[in-house]
Structure formats: structure tokens, C-alpha cells
$ cat protein-v9.cif   # mmCIF, C-alpha atoms
data_query
loop_
_atom_site.group_PDB
_atom_site.id
_atom_site.type_symbol
_atom_site.label_atom_id
_atom_site.label_comp_id
_atom_site.auth_asym_id
_atom_site.auth_seq_id
_atom_site.Cartn_x
_atom_site.Cartn_y
_atom_site.Cartn_z
ATOM 1 C CA MET Z 291 -8.642 -34.912 -8.846
ATOM 2 C CA LEU Z 292 -6.765 -33.952 -11.990
ATOM 3 C CA GLY Z 293 -8.585 -30.599 -12.049
ATOM 4 C CA LEU Z 294 -7.386 -29.767 -8.556
ATOM 5 C CA ASP Z 295 -3.799 -30.640 -9.493
ATOM 6 C CA ILE Z 296 -3.998 -28.327 -12.483
ATOM 7 C CA ILE Z 297 -5.301 -25.504 -10.311
ATOM 8 C CA LYS Z 298 -2.600 -26.031 -7.658
ATOM 9 C CA HIS Z 299 0.096 -25.787 -10.296
ATOM 10 C CA SER Z 300 -1.349 -22.732 -12.012
ATOM 11 C CA ARG Z 301 0.513 -19.456 -11.847
ATOM 12 C CA ALA Z 302 -2.482 -17.629 -10.346
ATOM 13 C CA TYR Z 303 -2.786 -20.187 -7.538
ATOM 14 C CA GLN Z 304 0.935 -20.045 -6.759
ATOM 15 C CA GLU Z 305 0.838 -16.236 -6.689
ATOM 16 C CA ALA Z 306 -2.171 -16.281 -4.343
ATOM 17 C CA VAL Z 307 -0.393 -18.699 -1.999
ATOM 18 C CA GLN Z 308 2.746 -16.538 -2.001
ATOM 19 C CA GLU Z 309 0.706 -13.400 -1.339
ATOM 20 C CA GLY Z 310 -1.007 -15.134 1.579
ATOM 21 C CA ARG Z 311 2.362 -16.102 3.038
ATOM 22 C CA GLN Z 312 3.640 -12.530 2.718
ATOM 23 C CA GLU Z 313 0.517 -11.164 4.405
ATOM 24 C CA GLY Z 314 0.904 -13.693 7.204
ATOM 25 C CA ARG Z 315 4.545 -12.757 7.717
ATOM 26 C CA GLN Z 316 3.647 -9.084 7.719
ATOM 27 C CA GLU Z 317 1.012 -9.640 10.382
ATOM 28 C CA ILE Z 318 3.435 -11.624 12.557
ATOM 29 C CA VAL Z 319 6.162 -8.988 12.251
ATOM 30 C CA GLU Z 320 3.745 -6.145 12.981
ATOM 31 C CA ASN Z 321 2.360 -7.955 16.030
ATOM 32 C CA LEU Z 322 5.831 -8.660 17.422
ATOM 33 C CA LEU Z 323 6.874 -5.036 16.973
ATOM 34 C CA LYS Z 324 3.640 -3.752 18.540
ATOM 35 C CA ALA Z 325 4.099 -6.083 21.508
ATOM 36 C CA ARG Z 326 7.641 -4.827 22.052
ATOM 37 C CA PHE Z 327 7.299 -1.131 21.246
ATOM 38 C CA GLY Z 328 3.606 -0.357 21.729
ATOM 39 C CA SER Z 329 2.762 0.930 18.257
ATOM 40 C CA LEU Z 330 4.057 1.126 14.725
ATOM 41 C CA ASP Z 331 5.216 4.507 13.547
ATOM 42 C CA LYS Z 332 6.571 5.333 10.104
ATOM 43 C CA GLU Z 333 10.095 4.193 11.000
ATOM 44 C CA LEU Z 334 9.030 0.805 12.348
ATOM 45 C CA THR Z 335 6.703 0.300 9.385
ATOM 46 C CA SER Z 336 9.728 0.635 7.108
ATOM 47 C CA VAL Z 337 11.389 -2.178 9.084
ATOM 48 C CA VAL Z 338 8.357 -4.416 8.474
ATOM 49 C CA GLN Z 339 8.638 -4.096 4.721
ATOM 50 C CA VAL Z 340 12.251 -5.296 4.755
ATOM 51 C CA VAL Z 341 11.966 -7.970 7.436
ATOM 52 C CA ILE Z 342 9.025 -9.819 5.836
ATOM 53 C CA ASN Z 343 11.367 -10.872 3.040
ATOM 54 C CA LEU Z 344 13.405 -12.930 5.511
ATOM 55 C CA LEU Z 345 12.471 -16.408 6.659
ATOM 56 C CA PRO Z 346 10.604 -16.469 9.993
ATOM 57 C CA GLU Z 347 13.416 -18.414 11.663
ATOM 58 C CA LYS Z 348 15.746 -15.554 10.720
ATOM 59 C CA PHE Z 349 13.560 -12.567 11.606
ATOM 60 C CA THR Z 350 11.959 -13.805 14.821
ATOM 61 C CA PRO Z 351 15.128 -13.752 16.980
ATOM 62 C CA LEU Z 352 16.081 -10.353 15.551
ATOM 63 C CA LEU Z 353 12.703 -8.836 16.383
ATOM 64 C CA VAL Z 354 12.804 -10.243 19.902
ATOM 65 C CA GLN Z 355 16.429 -9.389 20.717
ATOM 66 C CA LEU Z 356 17.342 -6.165 18.920
ATOM 67 C CA SER Z 357 16.467 -2.766 20.327
ATOM 68 C CA ARG Z 358 14.376 -0.294 18.359
ATOM 69 C CA GLU Z 359 17.531 1.612 17.380
ATOM 70 C CA GLU Z 360 19.286 -1.567 16.273
ATOM 71 C CA LEU Z 361 16.306 -2.603 14.162
ATOM 72 C CA LEU Z 362 16.074 0.817 12.554
ATOM 73 C CA ASN Z 363 19.783 0.943 11.840
ATOM 74 C CA ARG Z 364 19.816 -2.547 10.400
ATOM 75 C CA PHE Z 365 16.564 -2.529 8.407
ATOM 76 C CA GLY Z 366 14.889 0.854 8.375
ATOM 77 C CA ARG Z 367 17.235 3.708 7.791
ATOM 78 C CA LYS Z 368 18.852 4.477 4.518
ATOM 79 C CA PRO Z 369 22.544 5.458 4.754
#

$ encode --input "protein-v9.cif" --output "C-alpha cells"
Amino acid sequence: MLGLDIIKHSRAYQEAVQEGRQEGRQEIVENLLKARFGSLDKELTSVVQVVINLLPEKFTPLLVQLSREELLNRFGRKP
């Protein structure tokens, strides 16, 4: 199993795992926003890109509790 250990510790493997996690988070965030607001427009898509960098235990309550305006003000709109 030494070969498998080498692969698991390789940079390419670690990057692929991280990319998979990011894609999974993005899908979760998009699905939560679609369930709440019906669709993703350009403004809500900008929220997704910021929120996926948070841990799920941090972003989930925010996506469930905050209004569309609050989400956009907090994560989507540039001052």
C-alpha cells in the first residue's frame, strides 16, 4: 500500500481533493439559494463565490436566515 500512500500525499491528489470539496460546497450553496429564492441571478451568483470559502457550519445558518438583501449586502455588493 506504499504506492497508495504516495499518491494520497502528492500535490496533484491534494489539489484534486480540494477542488472536489470546493465544487461540493458550491453545489450546496447554489441549491440552498435556489430553494430559498427560486433561481440564481448574477447578484446571487456573486454571493456563491464568496460564501463557498467559508466553512459549511458558518455559511449554512447565514444562507437559511438572512434575507436576499442581507446576503447581497454582506457578500455580494462591492462598496

$ resolve_selection --input "protein-v9.cif" --expression "the PyMOL selection byres ((chain Z and resi 362) around 12)" --output "NGL selection string"
:Z and (323 or 331-341 or 352-353 or 356-361 or 363-369)

$ closest_residue --input "protein-v9.cif" --among "Z:Ser329, Z:Lys348, Z:Val354, Z:Ile342" --to "Glu317 (chain Z)" --atoms "only C-alpha atoms"
Z:Ile342

$ resolve_selection --input "protein-v9.cif" --expression "the PyMOL selection byres ((chain Z and resi 312) around 12)" --output "ChimeraX atom specification"
/Z:305-311,313-319,338-346

$ decode --input "protein-v9.cif" --residues "chain Z" --atoms "C-alpha atoms" --output "JSON list (two decimals), in the first residue's frame"
[["chain", "number", "residue", "atom", "x", "y", "z"],
["Z", 291, "MET", "CA", 0.00, 0.00, 0.00],
["Z", 292, "LEU", "CA", 3.03, 2.27, -0.10],
["Z", 293, "GLY", "CA", 2.08, 3.37, -3.63],
["Z", 294, "LEU", "CA", -1.35, 4.50, -2.47],
["Z", 295, "ASP", "CA", 0.18, 6.48, 0.40],
["Z", 296, "ILE", "CA", 2.50, 8.24, -2.02],
["Z", 297, "ILE", "CA", -0.42, 9.13, -4.28],
["Z", 298, "LYS", "CA", -2.53, 10.42, -1.37],
["Z", 299, "HIS", "CA", 0.27, 12.71, -0.29],
["Z", 300, "SER", "CA", 1.03, 14.01, -3.77],
["Z", 301, "ARG", "CA", 0.32, 17.62, -4.60],
["Z", 302, "ALA", "CA", -1.91, 16.68, -7.55],
["Z", 303, "TYR", "CA", -4.05, 14.41, -5.36],
["Z", 304, "GLN", "CA", -4.40, 17.05, -2.65],
["Z", 305, "GLU", "CA", -5.38, 19.67, -5.24],
["Z", 306, "ALA", "CA", -7.99, 17.32, -6.74],
["Z", 307, "VAL", "CA", -9.47, 16.65, -3.29],
["Z", 308, "GLN", "CA", -9.61, 20.38, -2.53],
["Z", 309, "GLU", "CA", -11.23, 21.12, -5.89],
["Z", 310, "GLY", "CA", -13.83, 18.43, -5.21],
["Z", 311, "ARG", "CA", -14.61, 19.98, -1.83],
["Z", 312, "GLN", "CA", -15.00, 23.43, -3.39],
["Z", 313, "GLU", "CA", -17.32, 22.06, -6.08],
["Z", 314, "GLY", "CA", -19.37, 20.30, -3.42],
["Z", 315, "ARG", "CA", -19.66, 23.47, -1.36],
["Z", 316, "GLN", "CA", -20.64, 25.44, -4.44],
["Z", 317, "GLU", "CA", -23.38, 22.96, -5.26],
["Z", 318, "ILE", "CA", -24.73, 23.06, -1.69],
["Z", 319, "VAL", "CA", -24.73, 26.87, -1.61],
["Z", 320, "GLU", "CA", -26.39, 27.12, -5.02],
["Z", 321, "ASN", "CA", -29.07, 24.60, -4.03],
["Z", 322, "LEU", "CA", -29.84, 26.41, -0.77],
["Z", 323, "LEU", "CA", -30.14, 29.75, -2.56],
["Z", 324, "LYS", "CA", -32.33, 28.25, -5.30],
["Z", 325, "ALA", "CA", -34.59, 26.66, -2.69],
["Z", 326, "ARG", "CA", -35.00, 29.99, -0.90],
["Z", 327, "PHE", "CA", -35.13, 32.43, -3.80],
["Z", 328, "GLY", "CA", -36.22, 30.35, -6.79],
["Z", 329, "SER", "CA", -33.27, 30.97, -9.11],
["Z", 330, "LEU", "CA", -29.76, 32.33, -9.21],
["Z", 331, "ASP", "CA", -29.28, 35.64, -10.94],
["Z", 332, "LYS", "CA", -26.00, 37.48, -11.39],
["Z", 333, "GLU", "CA", -26.18, 39.06, -7.93],
["Z", 334, "LEU", "CA", -26.81, 35.80, -6.09],
["Z", 335, "THR", "CA", -24.10, 34.07, -8.12],
["Z", 336, "SER", "CA", -21.63, 36.63, -6.79],
["Z", 337, "VAL", "CA", -22.67, 35.63, -3.25],
["Z", 338, "VAL", "CA", -21.91, 31.98, -4.05],
["Z", 339, "GLN", "CA", -18.34, 32.73, -5.00],
["Z", 340, "VAL", "CA", -17.66, 34.41, -1.65],
["Z", 341, "VAL", "CA", -19.65, 32.08, 0.60],
["Z", 342, "ILE", "CA", -18.01, 28.85, -0.63],
["Z", 343, "ASN", "CA", -14.79, 30.00, 1.02],
["Z", 344, "LEU", "CA", -16.45, 29.75, 4.44],
["Z", 345, "LEU", "CA", -16.85, 26.53, 6.38],
["Z", 346, "PRO", "CA", -20.27, 24.89, 5.94],
["Z", 347, "GLU", "CA", -21.09, 25.34, 9.63],
["Z", 348, "LYS", "CA", -20.58, 29.08, 9.13],
["Z", 349, "PHE", "CA", -22.40, 29.58, 5.82],
["Z", 350, "THR", "CA", -25.39, 27.30, 6.32],
["Z", 351, "PRO", "CA", -27.12, 29.37, 9.05],
["Z", 352, "LEU", "CA", -26.43, 32.57, 7.10],
["Z", 353, "LEU", "CA", -27.99, 31.20, 3.92],
["Z", 354, "VAL", "CA", -31.04, 29.97, 5.81],
["Z", 355, "GLN", "CA", -31.60, 33.04, 7.99],
["Z", 356, "LEU", "CA", -30.52, 36.12, 6.04],
["Z", 357, "SER", "CA", -32.78, 37.79, 3.51],
["Z", 358, "ARG", "CA", -31.71, 38.24, -0.10],
["Z", 359, "GLU", "CA", -30.85, 41.89, 0.61],
["Z", 360, "GLU", "CA", -28.82, 40.97, 3.68],
["Z", 361, "LEU", "CA", -26.89, 38.33, 1.75],
["Z", 362, "LEU", "CA", -26.18, 40.73, -1.09],
["Z", 363, "ASN", "CA", -25.08, 43.48, 1.26],
["Z", 364, "ARG", "CA", -22.87, 41.16, 3.25],
["Z", 365, "PHE", "CA", -21.33, 39.07, 0.45],
["Z", 366, "GLY", "CA", -22.30, 40.29, -2.99],
["Z", 367, "ARG", "CA", -22.13, 44.01, -3.38],
["Z", 368, "LYS", "CA", -18.97, 45.97, -3.57],
["Z", 369, "PRO", "CA", -18.99, 49.24, -1.57]]
